[in-house]
$ cat work_5.cif   # mmCIF, C-alpha atoms
data_protein
loop_
_atom_site.group_PDB
_atom_site.id
_atom_site.type_symbol
_atom_site.label_atom_id
_atom_site.label_comp_id
_atom_site.auth_asym_id
_atom_site.auth_seq_id
_atom_site.Cartn_x
_atom_site.Cartn_y
_atom_site.Cartn_z
ATOM 1 C CA MET A 12 0.000 0.000 0.000
ATOM 2 C CA GLU A 13 1.159 3.540 -0.794
ATOM 3 C CA PRO A 14 2.365 5.293 2.374
ATOM 4 C CA MET A 15 0.140 8.167 3.463
ATOM 5 C CA THR A 16 3.124 10.387 3.916
ATOM 6 C CA THR A 17 2.797 14.130 4.193
ATOM 7 C CA MET A 18 6.358 14.556 2.973
ATOM 8 C CA ILE A 19 6.904 15.426 -0.636
ATOM 9 C CA GLY A 20 9.085 12.458 -1.369
ATOM 10 C CA PRO A 21 9.647 10.283 -4.388
ATOM 11 C CA SER A 22 6.325 8.487 -3.928
ATOM 12 C CA VAL A 23 4.453 11.787 -4.197
ATOM 13 C CA LEU A 24 6.528 13.722 -6.682
ATOM 14 C CA ASP A 25 8.718 12.454 -9.446
ATOM 15 C CA PRO A 26 10.145 14.380 -12.384
ATOM 16 C CA SER A 27 7.551 12.884 -14.720
ATOM 17 C CA LEU A 28 4.964 14.857 -12.745
ATOM 18 C CA CYS A 29 6.446 18.214 -13.742
ATOM 19 C CA ILE A 30 5.190 19.956 -16.847
ATOM 20 C CA SER A 31 7.791 22.511 -17.881
ATOM 21 C CA ASP A 32 5.441 24.571 -20.014
ATOM 22 C CA LEU A 33 1.723 23.908 -19.971
ATOM 23 C CA LYS A 34 0.227 23.496 -23.419
ATOM 24 C CA THR A 35 -3.143 24.905 -22.455
ATOM 25 C CA LYS A 36 -3.999 28.366 -21.137
ATOM 26 C CA ARG A 37 -7.507 28.078 -19.717
ATOM 27 C CA LYS A 38 -8.057 26.985 -16.163
ATOM 28 C CA HIS A 39 -10.207 23.928 -16.858
ATOM 29 C CA SER A 40 -7.911 22.752 -19.678
ATOM 30 C CA VAL A 41 -4.880 23.187 -17.441
ATOM 31 C CA LEU A 42 -6.525 21.082 -14.732
ATOM 32 C CA HIS A 43 -7.302 18.415 -17.311
ATOM 33 C CA GLU A 44 -3.706 18.475 -18.559
ATOM 34 C CA LEU A 45 -2.358 18.067 -15.024
ATOM 35 C CA VAL A 46 -4.795 15.287 -14.144
ATOM 36 C CA ALA A 47 -4.018 13.412 -17.372
ATOM 37 C CA HIS A 48 -0.356 13.654 -16.413
ATOM 38 C CA ALA A 49 -1.041 12.226 -12.964
ATOM 39 C CA GLU A 50 -3.065 9.402 -14.516
ATOM 40 C CA ARG A 51 -0.178 8.451 -16.790
ATOM 41 C CA ALA A 52 2.017 8.294 -13.672
ATOM 42 C CA GLY A 53 -0.445 5.873 -12.087
ATOM 43 C CA GLY A 54 -1.832 8.232 -9.464
ATOM 44 C CA VAL A 55 -5.392 8.572 -10.759
ATOM 45 C CA ARG A 56 -8.057 5.988 -11.549
ATOM 46 C CA ASP A 57 -10.839 8.232 -12.908
ATOM 47 C CA VAL A 58 -9.883 11.371 -14.847
ATOM 48 C CA ALA A 59 -13.454 12.553 -15.474
ATOM 49 C CA LEU A 60 -14.460 12.314 -11.806
ATOM 50 C CA LEU A 61 -11.295 14.031 -10.607
ATOM 51 C CA CYS A 62 -11.671 16.880 -13.116
ATOM 52 C CA ASP A 63 -15.284 17.355 -11.978
ATOM 53 C CA THR A 64 -14.184 17.401 -8.335
ATOM 54 C CA LEU A 65 -11.388 19.898 -9.006
ATOM 55 C CA LEU A 66 -13.665 22.184 -11.011
ATOM 56 C CA LEU A 67 -16.264 22.055 -8.244
ATOM 57 C CA ARG A 68 -13.593 23.086 -5.725
ATOM 58 C CA GLU A 69 -12.508 25.861 -8.070
ATOM 59 C CA ARG A 70 -16.089 27.117 -8.267
ATOM 60 C CA LEU A 71 -16.550 27.041 -4.507
ATOM 61 C CA LEU A 72 -13.069 27.701 -3.111
ATOM 62 C CA GLY A 73 -10.948 29.446 -5.706
ATOM 63 C CA THR A 74 -7.425 28.099 -5.457
ATOM 64 C CA GLY A 75 -5.474 31.000 -6.903
ATOM 65 C CA ILE A 76 -3.462 32.246 -3.934
ATOM 66 C CA GLY A 77 -1.880 35.235 -5.671
ATOM 67 C CA LYS A 78 1.664 36.095 -6.797
ATOM 68 C CA GLY A 79 1.245 33.919 -9.865
ATOM 69 C CA VAL A 80 0.601 30.696 -7.957
ATOM 70 C CA ALA A 81 -2.433 28.396 -7.838
ATOM 71 C CA VAL A 82 -2.790 25.334 -5.651
ATOM 72 C CA PRO A 83 -5.753 23.275 -6.858
ATOM 73 C CA HIS A 84 -6.231 20.272 -4.608
ATOM 74 C CA ALA A 85 -8.576 17.386 -3.985
ATOM 75 C CA ARG A 86 -9.157 14.445 -1.749
ATOM 76 C CA SER A 87 -11.050 12.066 -3.983
ATOM 77 C CA VAL A 88 -12.020 8.458 -4.618
ATOM 78 C CA ALA A 89 -10.577 9.070 -8.088
ATOM 79 C CA VAL A 90 -7.059 9.320 -6.640
ATOM 80 C CA ILE A 91 -5.041 6.138 -6.125
ATOM 81 C CA ALA A 92 -2.045 7.576 -4.274
ATOM 82 C CA PRO A 93 -0.841 10.999 -3.081
ATOM 83 C CA ARG A 94 0.659 13.022 -5.889
ATOM 84 C CA LEU A 95 1.955 16.518 -6.469
ATOM 85 C CA VAL A 96 1.838 17.610 -10.093
ATOM 86 C CA VAL A 97 3.712 20.791 -10.966
ATOM 87 C CA GLY A 98 2.793 22.794 -14.045
ATOM 88 C CA ARG A 99 4.586 25.913 -15.245
ATOM 89 C CA SER A 100 3.203 28.345 -17.763
ATOM 90 C CA GLN A 101 5.515 30.913 -19.325
ATOM 91 C CA ARG A 102 2.634 32.984 -20.725
ATOM 92 C CA GLY A 103 0.432 32.645 -17.633
ATOM 93 C CA VAL A 104 -3.054 31.254 -17.013
ATOM 94 C CA GLU A 105 -6.078 33.340 -15.991
ATOM 95 C CA TRP A 106 -7.049 31.830 -12.605
ATOM 96 C CA GLU A 107 -9.245 34.484 -10.950
ATOM 97 C CA SER A 108 -6.642 35.006 -8.240
ATOM 98 C CA PRO A 109 -7.326 37.639 -5.565
ATOM 99 C CA ASP A 110 -4.509 39.864 -6.879
ATOM 100 C CA GLY A 111 -5.546 39.393 -10.521
ATOM 101 C CA VAL A 112 -2.065 38.195 -11.514
ATOM 102 C CA ALA A 113 -1.947 35.453 -14.175
ATOM 103 C CA VAL A 114 -0.775 32.140 -12.755
ATOM 104 C CA GLN A 115 2.609 30.799 -13.841
ATOM 105 C CA VAL A 116 3.031 28.003 -11.304
ATOM 106 C CA VAL A 117 0.277 25.457 -10.650
ATOM 107 C CA LEU A 118 0.763 22.929 -7.861
ATOM 108 C CA LEU A 119 -1.891 20.222 -8.072
ATOM 109 C CA VAL A 120 -2.095 18.382 -4.750
ATOM 110 C CA LEU A 121 -3.933 15.063 -4.849
ATOM 111 C CA SER A 122 -4.817 12.765 -1.976
ATOM 112 C CA PRO A 123 -6.846 9.552 -2.010
ATOM 113 C CA ALA A 124 -10.170 9.490 -0.170
ATOM 114 C CA GLU A 125 -8.573 7.268 2.493
ATOM 115 C CA ALA A 126 -6.148 10.040 3.482
ATOM 116 C CA SER A 127 -7.071 12.030 6.564
ATOM 117 C CA GLU A 128 -7.949 15.721 6.319
ATOM 118 C CA ASP A 129 -4.832 16.471 8.353
ATOM 119 C CA ALA A 130 -2.522 14.613 5.979
ATOM 120 C CA HIS A 131 -4.126 16.247 2.952
ATOM 121 C CA ILE A 132 -3.859 19.766 4.357
ATOM 122 C CA ALA A 133 -0.291 19.132 5.517
ATOM 123 C CA ARG A 134 0.555 18.098 1.959
ATOM 124 C CA ILE A 135 -0.967 21.332 0.611
ATOM 125 C CA ALA A 136 0.900 23.419 3.193
ATOM 126 C CA ARG A 137 4.168 21.713 2.386
ATOM 127 C CA ALA A 138 3.739 22.335 -1.353
ATOM 128 C CA MET A 139 2.859 25.975 -0.702
ATOM 129 C CA THR A 140 5.870 26.611 1.530
ATOM 130 C CA LEU A 141 8.077 26.539 -1.513
ATOM 131 C CA THR A 142 6.233 29.337 -3.270
ATOM 132 C CA ARG A 143 6.024 31.825 -0.399
ATOM 133 C CA LEU A 144 9.253 33.652 -1.236
ATOM 134 C CA HIS A 145 9.852 35.483 -4.476
ATOM 135 C CA ARG A 146 13.308 33.978 -4.926
ATOM 136 C CA ASN A 147 11.903 30.479 -4.581
ATOM 137 C CA ARG A 148 9.205 31.146 -7.161
ATOM 138 C CA SER A 149 11.879 32.476 -9.499
ATOM 139 C CA LYS A 150 13.992 29.367 -8.992
ATOM 140 C CA LEU A 151 10.971 27.235 -9.815
ATOM 141 C CA MET A 152 10.313 29.190 -12.999
ATOM 142 C CA LEU A 153 13.956 29.234 -14.049
ATOM 143 C CA ALA A 154 14.681 25.542 -13.445
ATOM 144 C CA GLU A 155 15.607 24.113 -16.820
ATOM 145 C CA HIS A 156 14.641 20.502 -16.292
ATOM 146 C CA ALA A 157 11.813 18.713 -14.562
ATOM 147 C CA ASN A 158 14.465 16.972 -12.460
ATOM 148 C CA GLU A 159 15.527 20.315 -10.985
ATOM 149 C CA VAL A 160 11.947 21.212 -10.083
ATOM 150 C CA ALA A 161 11.480 17.821 -8.442
ATOM 151 C CA GLU A 162 14.702 18.251 -6.492
ATOM 152 C CA LEU A 163 13.674 21.716 -5.272
ATOM 153 C CA LEU A 164 10.367 20.368 -4.019
ATOM 154 C CA ALA A 165 11.756 17.150 -2.589
ATOM 155 C CA ALA A 166 14.406 19.074 -0.681
ATOM 156 C CA GLY A 167 11.633 20.974 1.073
ATOM 157 C CA GLY A 168 12.035 24.089 -0.977
ATOM 158 C CA PRO A 169 15.034 26.054 -2.113
ATOM 159 C CA SER A 170 16.846 28.246 0.351
ATOM 160 C CA MET B 16 -17.662 9.347 -20.103
ATOM 161 C CA SER B 17 -20.277 10.406 -17.558
ATOM 162 C CA VAL B 18 -19.395 10.490 -13.882
ATOM 163 C CA ASN B 19 -21.270 8.271 -11.448
ATOM 164 C CA PRO B 20 -23.276 10.644 -9.199
ATOM 165 C CA LEU B 21 -22.600 8.432 -6.172
ATOM 166 C CA LEU B 22 -18.841 8.944 -6.567
ATOM 167 C CA GLU B 23 -19.423 12.648 -7.071
ATOM 168 C CA LEU B 24 -21.481 12.642 -3.885
ATOM 169 C CA GLN B 25 -18.605 10.994 -2.011
ATOM 170 C CA ASP B 26 -16.183 13.687 -3.205
ATOM 171 C CA VAL B 27 -18.618 16.432 -2.192
ATOM 172 C CA ASP B 28 -18.921 14.816 1.243
ATOM 173 C CA LEU B 29 -15.127 14.742 1.574
ATOM 174 C CA LEU B 30 -15.013 18.464 0.819
ATOM 175 C CA ARG B 31 -17.910 19.065 3.198
ATOM 176 C CA ALA B 32 -16.022 17.256 5.959
ATOM 177 C CA GLU B 33 -13.033 19.590 5.483
ATOM 178 C CA VAL B 34 -15.215 22.691 5.614
ATOM 179 C CA ALA B 35 -17.312 21.452 8.565
ATOM 180 C CA ASP B 36 -14.283 20.561 10.676
ATOM 181 C CA PRO B 37 -13.315 23.805 12.476
ATOM 182 C CA ARG B 38 -9.661 22.774 12.776
ATOM 183 C CA ALA B 39 -9.293 21.820 9.112
ATOM 184 C CA ALA B 40 -11.237 24.910 8.014
ATOM 185 C CA ALA B 41 -8.998 27.175 10.108
ATOM 186 C CA ARG B 42 -5.866 25.624 8.587
ATOM 187 C CA LEU B 43 -7.199 26.035 5.039
ATOM 188 C CA LYS B 44 -8.125 29.661 5.761
ATOM 189 C CA LYS B 45 -4.674 30.280 7.173
ATOM 190 C CA LEU B 46 -3.189 28.941 3.939
ATOM 191 C CA GLY B 47 -5.182 31.558 2.041
ATOM 192 C CA PHE B 48 -8.191 29.633 0.726
ATOM 193 C CA ALA B 49 -11.658 31.151 0.864
ATOM 194 C CA LEU B 50 -13.977 28.416 2.113
ATOM 195 C CA PRO B 51 -17.471 27.869 0.714
ATOM 196 C CA GLU B 52 -20.515 28.097 2.945
ATOM 197 C CA LEU B 53 -21.797 24.784 4.214
ATOM 198 C CA ARG B 54 -25.237 25.738 2.921
ATOM 199 C CA ALA B 55 -23.900 25.878 -0.645
ATOM 200 C CA LEU B 56 -22.433 22.405 -0.239
ATOM 201 C CA ASP B 57 -25.653 21.118 1.290
ATOM 202 C CA ARG B 58 -27.669 22.436 -1.657
ATOM 203 C CA LEU B 59 -25.271 20.745 -4.054
ATOM 204 C CA ARG B 60 -25.464 17.545 -2.013
ATOM 205 C CA ALA B 61 -29.272 17.601 -2.119
ATOM 206 C CA ARG B 62 -29.178 17.985 -5.912
ATOM 207 C CA LEU B 63 -26.818 15.024 -6.226
ATOM 208 C CA LEU B 64 -28.869 12.872 -3.851
ATOM 209 C CA ALA B 65 -31.829 13.202 -6.202
ATOM 210 C CA THR B 66 -29.782 11.655 -9.023
ATOM 211 C CA VAL B 67 -28.247 8.734 -7.121
ATOM 212 C CA ASP B 68 -29.685 5.279 -7.746
ATOM 213 C CA ARG B 69 -31.816 4.497 -4.693
ATOM 214 C CA ARG B 70 -30.483 0.954 -4.361
ATOM 215 C CA TRP B 71 -27.059 2.420 -3.553
ATOM 216 C CA LEU B 72 -28.195 5.373 -1.518
ATOM 217 C CA HIS B 73 -29.228 3.343 1.516
ATOM 218 C CA HIS B 74 -25.845 1.561 1.653
ATOM 219 C CA TYR B 75 -24.024 4.831 1.118
ATOM 220 C CA GLU B 76 -25.813 6.804 3.823
ATOM 221 C CA ARG B 77 -25.427 3.998 6.343
ATOM 222 C CA ALA B 78 -21.689 3.576 5.734
ATOM 223 C CA GLN B 79 -21.160 7.341 5.538
ATOM 224 C CA ALA B 80 -22.847 7.813 8.925
ATOM 225 C CA ARG B 81 -20.886 4.969 10.476
ATOM 226 C CA TYR B 82 -17.405 5.476 9.051
ATOM 227 C CA GLY B 83 -17.393 8.974 7.572
ATOM 228 C CA ARG B 84 -16.929 7.479 4.125
ATOM 229 C CA GLY B 85 -19.566 5.609 2.173
ATOM 230 C CA VAL B 86 -17.356 4.540 -0.739
ATOM 231 C CA ALA B 87 -14.076 2.633 -0.553
ATOM 232 C CA SER B 88 -11.868 1.870 -3.494
ATOM 233 C CA VAL B 89 -10.524 -1.603 -4.157
ATOM 234 C CA ARG B 90 -6.821 -2.199 -4.706
ATOM 235 C CA ALA B 91 -5.445 -5.643 -5.411
ATOM 236 C CA ARG B 92 -8.774 -7.103 -4.253
ATOM 237 C CA VAL B 93 -8.449 -5.357 -0.879
ATOM 238 C CA CYS B 94 -11.218 -3.073 0.403
ATOM 239 C CA GLN B 95 -9.483 0.230 1.228
ATOM 240 C CA GLY B 96 -12.068 0.870 3.939
ATOM 241 C CA CYS B 97 -11.645 -2.187 6.184
ATOM 242 C CA PHE B 98 -8.632 -3.796 4.439
ATOM 243 C CA ILE B 99 -10.224 -7.211 4.114
ATOM 244 C CA THR B 100 -9.197 -9.280 1.104
ATOM 245 C CA LEU B 101 -12.265 -9.726 -1.029
ATOM 246 C CA PRO B 102 -13.179 -13.068 -2.592
ATOM 247 C CA THR B 103 -12.908 -13.291 -6.374
ATOM 248 C CA SER B 104 -16.677 -13.687 -6.499
ATOM 249 C CA ALA B 105 -17.074 -10.203 -4.977
ATOM 250 C CA ALA B 106 -15.883 -8.559 -8.188
ATOM 251 C CA PRO B 107 -18.637 -6.877 -10.194
ATOM 252 C CA SER B 108 -19.793 -8.362 -13.449
ATOM 253 C CA GLY B 109 -20.114 -6.616 -16.797
ATOM 254 C CA ASP B 110 -19.829 -2.827 -16.833
ATOM 255 C CA GLU B 111 -20.707 -2.432 -13.153
ATOM 256 C CA LEU B 112 -18.087 -0.573 -11.117
ATOM 257 C CA LEU B 113 -19.763 -0.858 -7.730
ATOM 258 C CA THR B 114 -20.565 -3.616 -5.246
ATOM 259 C CA THR B 115 -20.769 -3.591 -1.457
ATOM 260 C CA CYS B 116 -18.176 -4.897 0.979
ATOM 261 C CA GLU B 117 -19.559 -7.879 2.871
ATOM 262 C CA SER B 118 -17.337 -7.028 5.801
ATOM 263 C CA CYS B 119 -17.848 -3.293 6.390
ATOM 264 C CA GLY B 120 -20.829 -2.500 4.178
ATOM 265 C CA ARG B 121 -19.111 0.311 2.298
ATOM 266 C CA ILE B 122 -19.769 0.627 -1.403
ATOM 267 C CA LEU B 123 -16.765 -0.721 -3.270
ATOM 268 C CA TYR B 124 -15.406 1.172 -6.236
ATOM 269 C CA TRP B 125 -13.704 -1.307 -8.550
ATOM 270 C CA ARG B 126 -11.484 0.625 -10.923
#

$ encode --input "work_5.cif" --output "structure tokens"
Amino acid sequence: MEPMTTMIGPSVLDPSLCISDLKTKRKHSVLHELVAHAERAGGVRDVALLCDTLLLRERLLGTGIGKGVAVPHARSVAVIAPRLVVGRSQRGVEWESPDGVAVQVVLLVLSPAEASEDAHIARIARAMTLTRLHRNRSKLMLAEHANEVAELLAAGGPS
Amino acid sequence: MSVNPLLELQDVDLLRAEVADPRAAARLKKLGFALPELRALDRLRARLLATVDRRWLHHYERAQARYGRGVASVRARVCQGCFITLPTSAAPSGDELLTTCESCGRILYWR
């Protein structure tokens, strides 16, 4: 069984879960792109259900947190194992963030339904820690390879 | 492919649990998320309930009330709710994705 870790370790994030430049530029297409990526990595069993769940959360919660970052997240029966999918967009995605800034970094945090609320929220918090500082966001955007992004996140965020 | 309303209902209930739990809600707010009103989720839940097949609804509500989760996925023939290994005969036939767990009563999602 997949460990219900709250750490962002290799079981949660691997380089194949980083999209260097998102192909799509609308919120719902970006979510679909990220979910399809997670499915290919074996983290998702039902793409349609997960997309519906994420869009519902977007409608009700709004996951744009400002400064060009969005953290869509879901605890769902559609998720097989915890995953963090990172998507970067050079041109930016309109995400209805409170500061109106187009989103360039999307961190999709996925937890299976069996995960506790605490573990899920801890996973979100851990992913968000990385993006709090401007220099860290810049490092994320400037990383040339998916491996670098994965290393930044796995190390608990750049200094 | 259309989404099974029962699975959608389970996901809405998972979100509702996060919003209804004061500790979880406070942590999400602290992270910068604006939480929806419970009433909005309840309205959505009521709409979904009307579309769920009644033969499953009874099982779902009972397991949801008892365990906090009415649906459990199946991995390697193990119910992810009670972790019992399910007999081969418990697998659904044809296009069905759902059965019930004979041990815990949760609805099993076979996919």

$ closest_residue --input "work_5.cif" --among "B:Arg42, B:Arg58, B:His73, B:Arg121" --to "chain A" --atoms "only C-alpha atoms"
B:Arg42

$ closest_atom_pairs --input "work_5.cif" --of "chain B" --to "chain A" --cutoff "8 Å" --atoms "only C-alpha atoms" --output "tab-separated table"
residue	atom	partner	partner_atom	distance
B:Met16	CA	A:Ala59	CA	7.0
B:Ser17	CA	A:Ala59	CA	7.5
B:Val18	CA	A:Leu60	CA	5.7
B:Asn19	CA	A:Leu60	CA	7.9
B:Leu22	CA	A:Val88	CA	7.1
B:Glu23	CA	A:Leu60	CA	6.9
B:Gln25	CA	A:Val88	CA	7.5
B:Asp26	CA	A:Ser87	CA	5.4
B:Val27	CA	A:Thr64	CA	7.6
B:Leu29	CA	A:Arg86	CA	6.8
B:Leu30	CA	A:Arg86	CA	7.6
B:Glu33	CA	A:Glu128	CA	6.4
B:Ala39	CA	A:Glu128	CA	6.8
B:Arg42	CA	A:Ile132	CA	7.5
B:Leu43	CA	A:Ile132	CA	7.1
B:Leu46	CA	A:Ala136	CA	6.9
B:Gly47	CA	A:Ile76	CA	6.3
B:Phe48	CA	A:Thr74	CA	6.4
B:Ala49	CA	A:Leu72	CA	5.4
B:Leu50	CA	A:Leu72	CA	5.4
B:Pro51	CA	A:Leu71	CA	5.4
B:Val86	CA	A:Val88	CA	7.7
B:Ala87	CA	A:Val88	CA	7.4
B:Ser88	CA	A:Val88	CA	6.7
B:Gln95	CA	A:Glu125	CA	7.2
B:Gly96	CA	A:Glu125	CA	7.4
B:Arg126	CA	A:Arg56	CA	6.4

$ residues_near_point --input "work_5.cif" --point "(-22.9, -0.2, -0.7)" --cutoff "8 Å" --atoms "all atoms listed in the file" --output "list in words"
Trp71, Leu72, His73, His74, Tyr75, Ala78, Gly85, Val86, Leu113, Thr114, Thr115, Cys116, Gly120, Arg121, Ile122 and Leu123 of chain B

$ closest_residue --input "work_5.cif" --among "B:Thr66, B:Gly83, B:Lys44, B:Leu59" --to "Ala32 of chain B" --atoms "all atoms listed in the file"
B:Gly83

$ atom_distance --input "work_5.cif" --atom1 "atom CA of Glu50 of chain A" --atom2 "atom CA of Gln115 of chain A"
22.1 Å

$ atom_distance --input "work_5.cif" --atom1 "atom CA of Ser31 of chain A" --atom2 "atom CA of Ala126 of chain A"
28.4 Å

$ atom_distance --input "work_5.cif" --atom1 "atom CA of Cys97 of chain B" --atom2 "atom CA of Arg94 of chain A"
23.0 Å

$ residues_around --input "work_5.cif" --residues "Leu118 of chain A" --least-positions-apart "6" --cutoff "10 Å" --atoms "only C-alpha atoms" --output "PyMOL selection string"
chain A and resi 29+45+74+80-84+95-99+135+138-139+142

$ resolve_selection --input "work_5.cif" --expression "the PyMOL selection byres ((chain A and resi 103) around 9)" --output "VMD selection string"
chain A and resid 36 79 99 to 102 104 to 105 112 to 116

$ residues_near_point --input "work_5.cif" --point "(-16.1, -10.6, -1.6)" --cutoff "9 Å" --atoms "only C-alpha atoms" --output "list in words"
Arg92, Ile99, Thr100, Leu101, Pro102, Thr103, Ser104, Ala105, Ala106, Thr115, Cys116, Glu117 and Ser118 of chain B

$ closest_residue --input "work_5.cif" --among "B:Pro20, B:Ala91, B:Cys119, B:Pro37" --to "Arg77 of chain B" --atoms "all atoms listed in the file"
B:Cys119
